[in-house]
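Structure first, then comments.
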Amino acid sequence: MDFSSNINPLGISKEVSEKLKANIKLAYFYPDPKCSELKKKIIEYIDSEIDLDANENLITGNGATELIHYFAAAFTRKKTLIPTPTFCEYELAAKRRKSKLVFVPPLDNNFQIDSDSIVKLTNNPDNEIGSVFLCNPNNPTGKFFRKEILEILEKIDKKIHILLDESFIEFTDIKKEKDNNYFINQIRDSNNLVILRSLTKTFGLAGLRVGYALSTKENIQKLNNNLISWNVNGLAQIAAIEALKDKSYIKAARKNNIYEKKRVFKLIKKNRKIRAISTDVNFYLVEILNEKTSTELTSKLLTKNGILVRDCKSFRSMNDKFIRVAIKTPKENNVLLESLEEAI
């Protein structure tokens, strides 16, 4: 059982699966290089309060990762700021562009983002920071910050470009779905903001790779300047278009996530050797409170129980006392909890 990947635990939707089977012969043909139909469906799916143009305000990618590297190519300068701990691909993309990195650690052991330090560092011209990577909800901590991110957007120098990665936004405990568009609705007033999203995690399309980014016409054009021809394959486009239609699938996944998160956290509280850190999405951190290390626990879970979890010691600002675990189905979660009880 793979608890290390934060992908929709319900698997691929039946509608998407059937659509792929019916269109498998299209693998023979070149895909639409502009992803025209997919872009149209993405705009409809988002249903933003502001008027978004599928061609001017949107770019699609081979997963969100490709677009992270496009952003780095377009906007990184001498230095790049990255709050930690977070997704390692930001660092890799910035390094690829020879940009020096400035890291901002969290405020506390619950991994609260330090928005004040981020604003101060970026607004100091001596630091020569040209871009900032923000992950919200954050990976690996699962934290969603609205107030803090908004403060950064409002106070930061507008010459500094921000990539706001919302790849896990659909899994947040936001009651109104349109509230997911809160920062998308800021695009018109924030010429330095690029919002990144993924269909990989939400719709279980990890193997097909589909992501997209939203921004102003000018910013999207700069991202497009790095675009590789036919970057989103034909079957991925078909799967993504069908997935965006299947709203019942997302509702079922969110329902499972909300219920299972409460249940799992309640049960983990009974174990004094570990602590589950509060999360806003479909994965969470487990802190080890006894003498065991994350590497020892990860290895034991894999060899004894066939369970894969994420050892977090490789994340900046984290040590060997944390693992990251995805929230899956009730049956799978029960197996994990029983295995943790034995392994710890």
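In the structure tokens, chains take letters A, B, ... by order of appearance, with residues numbered from 1 within each chain and ligands from 1 in the order shown.
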List as a ChimeraX atom specification the protein and nucleic acid residues near A:Leu153, meaning an atom at most 12 Å away when only C-alpha atoms are counted, but skip any in the same chain fewer than 4 places from it.
/A:115-116,118-119,122-123,132-134,146-149,157-164,183,186-187,189-194
Test item: residues at most 10 Å from stretch 108-110 of chain A, only C-alpha atoms, excluding those fewer than 3 positions along its chain, as a ChimeraX atom specification
/A:105,113-114,141,143,277-279,285,317-318
Suppose we keep all heavy atoms; can you now write the selection as a PDB file, in the first residue's frame?
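Here's the written file again-v9.pdb:
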ATOM      1  N   PRO A 105      12.668  29.356   7.120  1.00  0.00           N
ATOM      2  CA  PRO A 105      12.112  28.246   7.903  1.00  0.00           C
ATOM      3  C   PRO A 105      10.777  28.617   8.539  1.00  0.00           C
ATOM      4  O   PRO A 105      10.429  29.799   8.631  1.00  0.00           O
ATOM      5  CB  PRO A 105      13.186  28.005   8.969  1.00  0.00           C
ATOM      6  CG  PRO A 105      13.887  29.319   9.097  1.00  0.00           C
ATOM      7  CD  PRO A 105      13.865  29.937   7.740  1.00  0.00           C
ATOM      8  N   ILE A 113       3.806  29.243   8.458  1.00  0.00           N
ATOM      9  CA  ILE A 113       4.616  30.013   7.522  1.00  0.00           C
ATOM     10  C   ILE A 113       4.976  31.379   8.105  1.00  0.00           C
ATOM     11  O   ILE A 113       4.149  32.029   8.759  1.00  0.00           O
ATOM     12  CB  ILE A 113       3.890  30.178   6.164  1.00  0.00           C
ATOM     13  CG1 ILE A 113       4.834  30.752   5.110  1.00  0.00           C
ATOM     14  CG2 ILE A 113       2.633  31.045   6.319  1.00  0.00           C
ATOM     15  CD1 ILE A 113       4.241  30.753   3.714  1.00  0.00           C
ATOM     16  N   ASP A 114       6.215  31.812   7.889  1.00  0.00           N
ATOM     17  CA  ASP A 114       6.708  33.088   8.423  1.00  0.00           C
ATOM     18  C   ASP A 114       6.529  34.180   7.362  1.00  0.00           C
ATOM     19  O   ASP A 114       7.473  34.555   6.661  1.00  0.00           O
ATOM     20  CB  ASP A 114       8.182  32.946   8.824  1.00  0.00           C
ATOM     21  CG  ASP A 114       8.696  34.167   9.575  1.00  0.00           C
ATOM     22  OD1 ASP A 114       7.959  35.161   9.676  1.00  0.00           O
ATOM     23  OD2 ASP A 114       9.849  34.113  10.058  1.00  0.00           O
ATOM     24  N   THR A 141       3.533  19.649   4.640  1.00  0.00           N
ATOM     25  CA  THR A 141       2.892  19.903   5.933  1.00  0.00           C
ATOM     26  C   THR A 141       1.371  19.830   5.898  1.00  0.00           C
ATOM     27  O   THR A 141       0.725  19.665   6.931  1.00  0.00           O
ATOM     28  CB  THR A 141       3.298  21.293   6.467  1.00  0.00           C
ATOM     29  OG1 THR A 141       2.760  22.309   5.591  1.00  0.00           O
ATOM     30  CG2 THR A 141       4.806  21.436   6.539  1.00  0.00           C
ATOM     31  N   LYS A 143      -0.587  22.286   5.312  1.00  0.00           N
ATOM     32  CA  LYS A 143      -1.148  23.530   5.844  1.00  0.00           C
ATOM     33  C   LYS A 143      -1.668  24.445   4.734  1.00  0.00           C
ATOM     34  O   LYS A 143      -1.004  24.642   3.718  1.00  0.00           O
ATOM     35  CB  LYS A 143      -0.084  24.283   6.652  1.00  0.00           C
ATOM     36  CG  LYS A 143       0.503  23.499   7.818  1.00  0.00           C
ATOM     37  CD  LYS A 143      -0.514  23.264   8.907  1.00  0.00           C
ATOM     38  CE  LYS A 143       0.119  22.601  10.121  1.00  0.00           C
ATOM     39  NZ  LYS A 143      -0.851  22.368  11.203  1.00  0.00           N
ATOM     40  N   ILE A 277       0.095  15.735  13.097  1.00  0.00           N
ATOM     41  CA  ILE A 277       0.036  17.198  13.034  1.00  0.00           C
ATOM     42  C   ILE A 277      -1.150  17.612  12.172  1.00  0.00           C
ATOM     43  O   ILE A 277      -1.351  17.084  11.078  1.00  0.00           O
ATOM     44  CB  ILE A 277       1.354  17.763  12.479  1.00  0.00           C
ATOM     45  CG1 ILE A 277       2.502  17.388  13.435  1.00  0.00           C
ATOM     46  CG2 ILE A 277       1.276  19.281  12.311  1.00  0.00           C
ATOM     47  CD1 ILE A 277       3.866  17.806  12.951  1.00  0.00           C
ATOM     48  N   SER A 278      -1.939  18.547  12.670  1.00  0.00           N
ATOM     49  CA  SER A 278      -3.170  18.971  11.983  1.00  0.00           C
ATOM     50  C   SER A 278      -2.895  19.344  10.534  1.00  0.00           C
ATOM     51  O   SER A 278      -1.862  19.920  10.205  1.00  0.00           O
ATOM     52  CB  SER A 278      -3.806  20.156  12.713  1.00  0.00           C
ATOM     53  OG  SER A 278      -2.943  21.272  12.691  1.00  0.00           O
ATOM     54  N   THR A 279      -3.841  19.008   9.678  1.00  0.00           N
ATOM     55  CA  THR A 279      -3.681  19.225   8.241  1.00  0.00           C
ATOM     56  C   THR A 279      -4.974  19.745   7.642  1.00  0.00           C
ATOM     57  O   THR A 279      -6.057  19.561   8.211  1.00  0.00           O
ATOM     58  CB  THR A 279      -3.279  17.909   7.544  1.00  0.00           C
ATOM     59  OG1 THR A 279      -3.138  18.133   6.138  1.00  0.00           O
ATOM     60  CG2 THR A 279      -4.331  16.831   7.757  1.00  0.00           C
ATOM     61  N   LEU A 285       1.399  14.944   8.486  1.00  0.00           N
ATOM     62  CA  LEU A 285       2.686  14.580   9.060  1.00  0.00           C
ATOM     63  C   LEU A 285       2.470  13.807  10.353  1.00  0.00           C
ATOM     64  O   LEU A 285       1.593  14.142  11.150  1.00  0.00           O
ATOM     65  CB  LEU A 285       3.522  15.829   9.354  1.00  0.00           C
ATOM     66  CG  LEU A 285       4.048  16.624   8.165  1.00  0.00           C
ATOM     67  CD1 LEU A 285       4.763  17.883   8.663  1.00  0.00           C
ATOM     68  CD2 LEU A 285       4.983  15.787   7.300  1.00  0.00           C
ATOM     69  N   SER A 317      14.445  22.024   6.732  1.00  0.00           N
ATOM     70  CA  SER A 317      13.776  22.448   7.977  1.00  0.00           C
ATOM     71  C   SER A 317      13.078  21.296   8.693  1.00  0.00           C
ATOM     72  O   SER A 317      12.314  21.514   9.625  1.00  0.00           O
ATOM     73  CB  SER A 317      12.768  23.582   7.731  1.00  0.00           C
ATOM     74  OG  SER A 317      13.402  24.710   7.182  1.00  0.00           O
ATOM     75  N   MET A 318      13.329  20.068   8.228  1.00  0.00           N
ATOM     76  CA  MET A 318      12.772  18.911   8.925  1.00  0.00           C
ATOM     77  C   MET A 318      13.909  17.973   9.323  1.00  0.00           C
ATOM     78  O   MET A 318      14.995  18.017   8.761  1.00  0.00           O
ATOM     79  CB  MET A 318      11.751  18.184   8.042  1.00  0.00           C
ATOM     80  CG  MET A 318      10.561  19.039   7.669  1.00  0.00           C
ATOM     81  SD  MET A 318       9.226  18.118   6.860  1.00  0.00           S
ATOM     82  CE  MET A 318       8.478  17.289   8.258  1.00  0.00           C
TER      83      MET A 318
END
Rows by chain and residue number, stretch 254-315 of chain A within 12 Å of stretch 245-249 of chain A, shortest pair, only C-alpha atoms, as a tab-separated table:
residue	atom	partner	partner_atom	distance
A:Arg254	CA	A:Tyr249	CA	8.7
A:Lys255	CA	A:Tyr249	CA	9.9
A:Asn256	CA	A:Tyr249	CA	10.7
Residues of stretch 82-292 of chain A in helix (DSSP H, G or I) according to DSSP, as a VMD selection string?
chain A and resid 89 to 96 115 to 123 125 to 127 147 to 155 169 to 171 177 to 181 184 to 189 200 to 203 217 to 224 234 to 245 247 to 268
Write out as a ChimeraX atom specification the residues lying within 7 Å of stretch 342-344 of chain A, counting only C-alpha atoms and excluding same-chain residues fewer than 5 positions away.
/A:273,297,300-301
Selection file, C-alpha atoms, as a PDB file, in the first residue's frame:
ATOM      1  CA  LYS A 273       4.580   7.347  20.714  1.00  0.00           C
ATOM      2  CA  LEU A 297      10.093   3.478  10.895  1.00  0.00           C
ATOM      3  CA  LYS A 300      10.097  -1.335   9.119  1.00  0.00           C
ATOM      4  CA  LEU A 301       6.696  -0.462   7.653  1.00  0.00           C
TER       5      LEU A 301
END
Enumerate as a ChimeraX atom specification all residues of stretch 16-249 of chain A assigned to strand (DSSP E or B) by DSSP on the backbone, naming them with the chain letters and numbers the document uses.
/A:58-61,79-83,100-104,129-135,161-165,193-198,211-214
